[in-house]
$ cat final-v6.cif   # mmCIF, C-alpha atoms
data_my_file
#
loop_
_atom_site.label_atom_id
_atom_site.label_comp_id
_atom_site.auth_asym_id
_atom_site.auth_seq_id
_atom_site.Cartn_x
_atom_site.Cartn_y
_atom_site.Cartn_z
CA MET A 8 -52.08 28.29 42.69
CA ASP A 9 -50.84 28.48 39.10
CA SER A 10 -49.00 31.76 39.81
CA VAL A 11 -46.90 30.05 42.50
CA ILE A 12 -46.15 27.04 40.26
CA LYS A 13 -45.26 29.34 37.36
CA ALA A 14 -42.93 31.38 39.60
CA VAL A 15 -41.16 28.22 40.85
CA VAL A 16 -40.74 26.87 37.30
CA VAL A 17 -39.49 30.22 35.94
CA TYR A 18 -37.06 30.56 38.87
CA LEU A 19 -35.71 27.06 38.23
CA VAL A 20 -35.33 27.55 34.46
CA LEU A 21 -33.76 31.00 34.88
CA TRP A 22 -31.34 29.56 37.44
CA LEU A 23 -30.37 26.68 35.12
CA VAL A 24 -29.85 28.97 32.11
CA ILE A 25 -27.95 31.71 33.96
CA ARG A 26 -25.85 29.19 35.90
CA SER A 27 -24.93 27.29 32.74
CA SER A 28 -23.95 30.50 30.98
CA GLY A 29 -20.97 30.59 33.32
CA ARG A 30 -19.39 33.03 35.70
CA ARG A 31 -18.43 35.40 32.90
CA THR A 32 -22.03 36.52 32.77
CA LEU A 33 -22.12 37.38 36.44
CA GLY A 34 -18.74 38.98 36.94
CA GLN A 35 -18.06 40.97 33.81
CA LEU A 36 -21.38 42.39 32.78
CA THR A 37 -20.97 44.30 29.51
CA VAL A 38 -23.53 46.77 28.17
CA PHE A 39 -24.84 44.05 25.85
CA ASP A 40 -25.11 41.56 28.76
CA PHE A 41 -27.11 44.18 30.65
CA ILE A 42 -29.53 44.60 27.72
CA LEU A 43 -29.72 40.80 27.42
CA PHE A 44 -30.75 40.52 31.07
CA LEU A 45 -33.41 43.21 30.57
CA ILE A 46 -34.85 41.19 27.66
CA VAL A 47 -34.73 37.97 29.74
CA GLY A 48 -36.54 39.83 32.53
CA GLY A 49 -39.21 41.09 30.14
CA ALA A 50 -39.79 37.62 28.64
CA ALA A 51 -39.99 36.03 32.10
CA GLN A 52 -42.37 38.75 33.30
CA ARG A 53 -44.84 38.02 30.47
CA ALA A 54 -44.70 34.27 31.17
CA LEU A 55 -45.26 34.89 34.89
CA MET A 56 -48.11 37.35 34.60
CA GLY A 57 -49.88 35.94 31.55
CA GLN A 58 -53.04 37.97 31.10
CA ASP A 59 -53.51 38.49 34.82
CA TYR A 60 -52.11 41.92 35.68
CA SER A 61 -53.83 42.09 39.05
CA LEU A 62 -52.02 43.32 42.15
CA THR A 63 -52.73 39.96 43.83
CA ASN A 64 -50.92 38.06 41.07
CA ALA A 65 -47.96 40.47 41.16
CA PHE A 66 -47.68 40.12 44.96
CA LEU A 67 -47.95 36.33 44.71
CA VAL A 68 -45.13 36.12 42.15
CA ILE A 69 -42.89 38.50 44.13
CA ILE A 70 -43.52 36.69 47.42
CA THR A 71 -42.84 33.30 45.81
CA PHE A 72 -39.53 34.53 44.33
CA VAL A 73 -38.38 36.03 47.64
CA ALA A 74 -39.49 32.91 49.55
CA ILE A 75 -37.47 30.64 47.21
CA ASP A 76 -34.48 32.94 47.65
CA ILE A 77 -34.75 32.81 51.46
CA LEU A 78 -35.18 29.03 51.39
CA LEU A 79 -32.10 28.60 49.21
CA SER A 80 -30.05 30.88 51.48
CA PHE A 81 -30.85 28.52 54.40
CA VAL A 82 -29.91 25.50 52.28
CA GLU A 83 -26.65 27.20 51.23
CA ARG A 84 -25.81 27.93 54.86
CA ASP A 85 -26.58 24.47 56.21
CA VAL A 86 -25.69 22.11 53.36
CA PRO A 87 -22.17 22.79 52.01
CA GLY A 88 -22.57 20.33 49.12
CA VAL A 89 -25.63 22.15 47.84
CA ALA A 90 -23.96 25.53 48.40
CA LYS A 91 -21.25 24.48 45.93
CA ILE A 92 -23.89 23.70 43.31
CA LEU A 93 -25.86 26.87 43.93
CA LYS A 94 -22.96 29.32 44.23
CA GLY A 95 -19.95 27.56 42.68
CA VAL A 96 -16.43 27.37 44.05
CA PRO A 97 -13.43 29.72 43.67
CA THR A 98 -10.79 28.68 41.15
CA ILE A 99 -7.18 29.83 41.05
CA VAL A 100 -6.26 30.85 37.50
CA VAL A 101 -2.79 32.36 38.06
CA GLU A 102 -0.36 30.88 40.56
CA ASN A 103 2.98 32.55 41.32
CA GLY A 104 2.91 34.38 38.00
CA HIS A 105 2.13 31.22 35.99
CA VAL A 106 -1.14 31.16 34.08
CA LEU A 107 -3.17 27.97 34.59
CA SER A 108 -4.23 28.06 30.96
CA GLY A 109 -6.49 24.97 31.00
CA ARG A 110 -8.58 26.46 33.78
CA LEU A 111 -8.72 29.87 32.10
CA ARG A 112 -9.83 28.28 28.82
CA ARG A 113 -12.59 26.22 30.45
CA ALA A 114 -13.82 29.25 32.42
CA ARG A 115 -13.76 31.31 29.18
CA VAL A 116 -11.64 33.99 30.81
CA THR A 117 -8.71 35.54 28.90
CA GLU A 118 -5.28 36.57 30.19
CA ASP A 119 -6.18 40.13 29.21
CA GLU A 120 -9.14 40.04 31.60
CA VAL A 121 -6.87 38.80 34.41
CA LEU A 122 -4.39 41.61 33.68
CA GLU A 123 -7.24 44.12 33.58
CA ALA A 124 -8.32 42.99 37.06
CA ALA A 125 -4.69 43.21 38.24
CA ARG A 126 -4.33 46.76 36.88
CA HIS A 127 -7.66 47.79 38.32
CA SER A 128 -7.14 46.43 41.84
CA HIS A 129 -3.37 46.80 42.39
CA GLY A 130 -1.93 48.75 39.45
CA LEU A 131 0.05 45.69 38.31
CA GLU A 132 1.41 45.59 34.76
CA ARG A 133 2.64 42.03 34.19
CA MET A 134 1.53 38.49 34.92
CA ASP A 135 4.73 37.76 36.90
CA GLN A 136 3.73 40.43 39.43
CA ILE A 137 0.66 38.36 40.36
CA ARG A 138 1.00 35.81 43.18
CA PHE A 139 -2.56 34.53 42.83
CA ALA A 140 -5.46 35.41 40.57
CA ILE A 141 -8.68 33.79 41.73
CA LEU A 142 -11.86 33.50 39.73
CA GLU A 143 -14.39 33.86 42.53
CA ALA A 144 -17.76 32.12 42.68
CA SER A 145 -19.32 35.55 42.07
CA GLY A 146 -17.49 35.80 38.71
CA ARG A 147 -15.09 38.53 39.85
CA ILE A 148 -11.32 38.08 39.61
CA SER A 149 -9.43 38.67 42.88
CA ILE A 150 -5.75 39.51 42.64
CA ILE A 151 -3.10 38.84 45.31
CA PRO A 152 0.14 40.57 44.22
CA ARG A 153 3.58 39.16 44.78
CA ALA A 154 5.58 40.61 47.65
CA PRO A 155 8.82 42.34 46.54
CA GLY A 156 11.03 39.54 47.96
CA ASP A 157 9.07 36.60 46.48
CA LYS A 158 11.07 34.18 44.34
CA PRO A 159 9.54 32.61 41.26
CA ASP A 160 8.36 29.01 41.73
CA ALA A 161 8.51 26.06 39.37
CA PRO A 162 5.93 26.25 36.55
CA VAL A 163 2.75 24.23 36.95
CA THR A 164 2.48 21.09 34.81
CA ALA A 165 -0.58 20.69 32.69
CA GLY A 166 -0.68 16.85 32.76
CA MET B 1345 1.48 20.34 41.59
CA ARG B 1346 -0.60 19.63 38.49
CA GLU B 1347 -3.17 22.05 37.13
CA GLN B 1348 -6.02 19.61 37.85
CA ASP B 1349 -5.11 19.29 41.55
CA SER B 1350 -7.06 21.23 44.18
CA ARG B 1351 -5.16 23.90 46.08
CA SER B 1352 -5.91 24.70 49.68
CA HIS B 1353 -4.19 28.12 49.74
CA PRO B 1354 -5.16 30.98 49.38
CA VAL B 1355 -8.64 29.47 48.81
CA ARG B 1356 -9.89 25.94 49.32
CA GLU B 1357 -10.56 24.59 45.84
CA ASP B 1358 -12.60 21.58 44.79
CA MET B 1359 -11.35 20.95 41.28
CA GLY B 1360 -13.22 17.63 41.03
CA PHE B 1361 -16.46 19.54 41.44
CA GLN B 1362 -15.27 22.37 39.20
CA TYR B 1363 -14.38 20.03 36.30
CA ALA B 1364 -17.74 18.24 36.73
CA PHE B 1365 -19.48 21.63 36.67
CA TRP B 1366 -17.67 22.68 33.49
CA ALA B 1367 -18.81 19.39 31.89
CA TRP B 1368 -22.42 20.02 33.02
CA GLU B 1369 -22.18 23.59 31.70
CA ARG B 1370 -21.25 22.29 28.23
CA ALA B 1371 -24.00 19.66 28.35
CA MET B 1372 -26.49 22.45 29.09
CA TRP B 1373 -25.25 24.38 26.03
CA VAL B 1374 -26.03 21.32 23.91
CA VAL B 1375 -29.50 21.11 25.48
CA MET B 1376 -30.11 24.82 24.75
CA ALA B 1377 -28.95 24.35 21.14
CA LEU B 1378 -31.36 21.41 20.81
CA VAL B 1379 -34.23 23.51 22.18
CA ILE B 1380 -33.47 26.21 19.60
CA MET B 1381 -33.36 23.58 16.80
CA LEU B 1382 -36.70 22.14 17.98
CA ALA B 1383 -38.20 25.63 18.02
CA LEU B 1384 -36.92 26.33 14.49
CA SER B 1385 -38.38 23.05 13.22
CA GLY B 1386 -41.79 23.87 14.66
CA VAL B 1387 -42.00 21.23 17.40
CA LEU B 1388 -42.50 24.02 19.93
CA ALA B 1389 -45.26 25.58 17.75
CA ARG B 1390 -45.32 27.59 14.53
CA GLY B 1391 -43.08 25.84 12.02
CA ALA B 1392 -42.80 23.23 9.32
CA LEU B 1393 -43.31 20.26 11.64
CA SER B 1394 -46.24 21.90 13.38
CA GLN B 1395 -48.50 22.58 10.41
CA LYS B 1396 -50.73 19.69 9.37
CA THR B 1397 -53.68 19.17 7.08
CA VAL B 1398 -56.36 16.53 7.61
CA THR B 1399 -58.80 15.74 4.81
CA GLU B 1400 -62.06 13.86 5.01
CA PRO B 1401 -61.98 10.74 2.73
CA GLY B 1402 -64.66 12.15 0.45
CA GLN B 1403 -62.59 15.37 -0.01
CA ARG B 1404 -65.57 17.47 1.15
CA LEU B 1405 -63.73 18.94 4.16
CA SER B 1406 -60.06 19.60 4.86
CA LEU B 1407 -58.57 21.37 7.82
CA THR B 1408 -55.12 22.91 8.10
CA TYR B 1409 -53.99 23.60 11.66
CA GLU B 1410 -50.99 23.80 13.99
CA ARG B 1411 -50.69 20.55 15.92
CA PHE B 1412 -48.25 22.12 18.42
CA GLN B 1413 -49.53 25.25 20.09
CA ARG B 1414 -48.85 27.36 23.16
CA ILE B 1415 -51.39 28.36 25.72
CA THR B 1416 -53.05 31.76 24.98
CA ALA B 1417 -51.12 32.12 21.68
CA VAL B 1418 -53.43 32.64 18.72
CA SER B 1419 -53.01 30.26 15.78
CA ARG B 1420 -54.71 29.84 12.43
CA TYR B 1421 -57.08 27.15 11.21
CA ILE B 1422 -58.10 26.95 7.57
CA ALA B 1423 -61.16 24.84 6.81
CA LYS B 1424 -61.88 24.16 3.14
CA ILE B 1425 -65.42 23.04 2.49
CA SER B 1426 -66.80 21.83 -0.82
CA ALA B 1427 -69.94 23.86 -0.60
CA PRO B 1428 -73.04 23.62 -2.76
CA ASN B 1429 -73.56 26.62 -5.03
CA VAL B 1430 -76.93 27.27 -3.46
CA GLY B 1431 -78.05 27.10 0.12
CA GLU B 1432 -75.65 27.21 3.08
CA ALA B 1433 -72.36 25.63 4.12
CA SER B 1434 -71.75 24.65 7.72
CA LEU B 1435 -68.75 23.94 9.88
CA ARG B 1436 -69.16 22.29 13.25
CA LEU B 1437 -66.31 22.33 15.77
CA GLY B 1438 -66.63 19.63 18.45
CA PRO B 1439 -67.39 20.37 22.11
CA SER B 1440 -63.75 19.95 23.16
CA PHE B 1441 -62.75 22.81 20.85
CA HIS B 1442 -65.55 24.97 22.17
CA ASP B 1443 -64.52 24.26 25.79
CA ASN B 1444 -60.76 24.71 25.48
CA PHE B 1445 -60.17 27.24 22.70
CA GLN B 1446 -61.11 30.88 22.42
CA ILE B 1447 -61.95 32.11 18.94
CA ALA B 1448 -60.43 35.50 18.19
CA ASP B 1449 -61.64 35.94 14.62
CA ILE B 1450 -63.47 34.13 11.82
CA GLU B 1451 -63.26 35.03 8.13
CA PRO B 1452 -65.71 35.11 6.41
CA ARG B 1453 -68.15 35.97 9.15
CA PRO B 1454 -70.76 33.24 9.69
CA ILE B 1455 -74.33 34.25 8.94
CA ARG B 1456 -75.43 32.20 11.92
CA SER B 1457 -73.78 30.43 14.82
CA SER B 1458 -74.97 28.32 17.72
CA ALA B 1459 -73.39 26.36 20.54
CA GLY B 1460 -74.73 23.21 22.12
CA PRO B 1461 -73.78 19.72 23.30
CA ARG B 1462 -72.44 18.88 19.84
CA GLY B 1463 -70.10 21.87 19.87
CA LEU B 1464 -70.03 25.11 17.94
CA GLU B 1465 -72.01 25.25 14.71
CA LEU B 1466 -71.06 27.96 12.18
CA VAL B 1467 -73.14 28.55 9.07
CA PHE B 1468 -71.77 30.45 6.05
CA LEU B 1469 -73.00 31.66 2.72
CA PRO B 1470 -71.24 29.56 0.06
CA PRO B 1471 -69.02 31.28 -2.55
CA ALA B 1472 -70.36 31.78 -6.06
CA ALA B 1473 -67.95 29.15 -7.33
CA GLY B 1474 -65.37 26.76 -5.90
CA GLU B 1475 -64.87 25.69 -2.34
CA LEU B 1476 -65.48 27.74 0.77
CA ALA B 1477 -62.34 28.59 2.74
CA VAL B 1478 -62.94 29.57 6.35
CA VAL B 1479 -60.05 31.03 8.35
CA ILE B 1480 -60.39 30.83 12.12
CA TRP B 1481 -57.97 32.42 14.56
CA ALA B 1482 -58.18 30.80 17.99
CA ALA B 1483 -56.07 30.47 21.13
CA PRO B 1484 -55.99 27.54 23.57
CA ARG B 1485 -57.17 28.41 27.07
CA SER B 1486 -55.50 25.46 28.82
CA PHE B 1487 -52.60 23.13 28.14
CA GLY B 1488 -52.47 19.40 27.40
CA VAL B 1489 -53.43 17.14 24.52
CA PHE B 1490 -56.80 17.82 22.92
CA ASP B 1491 -58.59 15.38 20.62
CA LEU B 1492 -60.84 17.51 18.46
CA THR B 1493 -63.32 17.10 15.65
CA ALA B 1494 -64.61 19.26 12.83
CA ALA B 1495 -67.52 18.46 10.57
CA SER B 1496 -69.38 19.89 7.62
CA GLY B 1497 -72.78 18.34 7.32
CA PRO B 1498 -73.63 14.88 8.63
CA GLU B 1499 -71.02 12.89 6.69
CA ALA B 1500 -67.89 15.02 6.27
CA ASN B 1501 -65.95 14.63 9.56
CA VAL B 1502 -62.29 15.01 10.44
CA ALA B 1503 -60.59 14.25 13.75
CA PHE B 1504 -57.38 15.94 14.79
CA SER B 1505 -55.18 16.32 17.88
CA ILE B 1506 -53.41 19.37 19.24
CA LEU B 1507 -50.68 19.43 21.86
CA VAL B 1508 -50.75 22.69 23.79
CA TYR B 1509 -47.62 23.69 25.73
CA PRO B 1510 -47.98 25.58 29.01
#

$ encode --input "final-v6.cif" --output "structure tokens"
Amino acid sequence: MDSVIKAVVVYLVLWLVIRSSGRRTLGQLTVFDFILFLIVGGAAQRALMGQDYSLTNAFLVIITFVAIDILLSFVERDVPGVAKILKGVPTIVVENGHVLSGRLRRARVTEDEVLEAARHSHGLERMDQIRFAILEASGRISIIPRAPGDKPDAPVTAG
Amino acid sequence: MREQDSRSHPVREDMGFQYAFWAWERAMWVVMALVIMLALSGVLARGALSQKTVTEPGQRLSLTYERFQRITAVSRYIAKISAPNVGEASLRLGPSFHDNFQIADIEPRPIRSSAGPRGLELVFLPPAAGELAVVIWAAPRSFGVFDLTAASGPEANVAFSILVYP
């Protein structure tokens, strides 16, 4: 019984910590982030297993984790409000070449990272070549380039 | 359109939710910082606020221990006993300690030990001079609050509590 309770508690705490670390962590995993996740995994594994390294305990923990994941996928599918909390929502950070700087700052994403995504996905060089840059719920930045005939729009007001 | 407003193209935004989430995210950072501060202070075991010494009014027995501990993590107890220069010195740990804690090591080694309804009785040879200092390394086997007792002889008793985190 305690293995199942431990697995549920560890899942919940890991979810809270990873979710509150922001989408940066998920989308732009650096080498250091990767090592950090390995350490988090190691610490969680010790807490989950304790001194019981039996196959039964390992199976119990794995099955509990997968069962929680399946349960949450059903909740995400059927309850849109909860899906927002669990997955997050997409956020536009560049609109018609104008950077929505307040959003970028809060999401802890830099203009350089947006331009890097633009170069990587479409070979774009400047911000004004971007029609939309969207920070997806997954943490990735999607780029929609401007069409050649697009005219620049009025800048977005911050207030 | 203002920056705070939700767009519906090319994706359907919910900026009300997003701003609330960013606020929650920052609140969680504060909570995590507080947890780290609590850990550094010893409230989550091993630190300045965790270590405590209880002394029997007659100064014949004192016990230094960690009042915040974690399950299965070994911690140190130092019992100082004013021992007679001849004969034997004893330390009795109450039944609750015997039931809920696992002793990993005792220095010096007791010459005799026994367990019964009154707990664990350890008997030591006294030092040639001064008080006897017994160091016990023990780990809690379950979590919760434990009210414990230690005694040396019939009159020197101390009571102490330990909070064990899961």

$ resolve_selection --input "final-v6.cif" --expression "the PyMOL selection byres ((chain A) within 9 of (chain B))" --output "list of chain:residue names"
A:Leu23, A:Val24, A:Arg26, A:Ser27, A:Ser28, A:Gly29, A:Gly57, A:Gln58, A:Lys91, A:Ile92, A:Gly95, A:Val96, A:Pro97, A:Thr98, A:Ile99, A:Leu107, A:Ser108, A:Gly109, A:Arg110, A:Arg113, A:Ala114, A:Phe139, A:Ile141, A:Pro162, A:Val163, A:Thr164, A:Ala165, A:Gly166

$ resolve_selection --input "final-v6.cif" --expression "the PyMOL selection byres ((chain B and resi 1493-1504) around 12)" --output "ChimeraX atom specification"
/B:1395-1412,1421-1428,1432-1442,1462-1468,1476,1478,1489-1492,1505-1507

$ residues_around --input "final-v6.cif" --residues "Ser80 in chain A" --least-positions-apart "6" --cutoff "10 Å" --atoms "all atoms listed in the file" --output "PDB file with C-alpha atoms, in the frame of the given file"
ATOM      1  CA  ALA A  74     -39.490  32.910  49.550  1.00  0.00           C
ATOM      2  CA  VAL A  86     -25.690  22.110  53.360  1.00  0.00           C
ATOM      3  CA  ALA A  90     -23.960  25.530  48.400  1.00  0.00           C
ATOM      4  CA  LEU A  93     -25.860  26.870  43.930  1.00  0.00           C
TER       5      LEU A  93
END

$ resolve_selection --input "final-v6.cif" --expression "the PyMOL selection byres ((chain A and resi 104) around 8)" --output "list of chain:residue names"
A:Val101, A:Glu102, A:Asn103, A:His105, A:Val106, A:Met134, A:Asp135, A:Gln136, A:Ile137, A:Arg138, A:Phe139, A:Pro159

$ atom_distance --input "final-v6.cif" --atom1 "CA of Tyr60 in chain A" --atom2 "CA of Val47 in chain A"
18.8 Å

$ atom_distance --input "final-v6.cif" --atom1 "CA of Phe72 in chain A" --atom2 "CA of Ala1383 in chain B"
27.8 Å
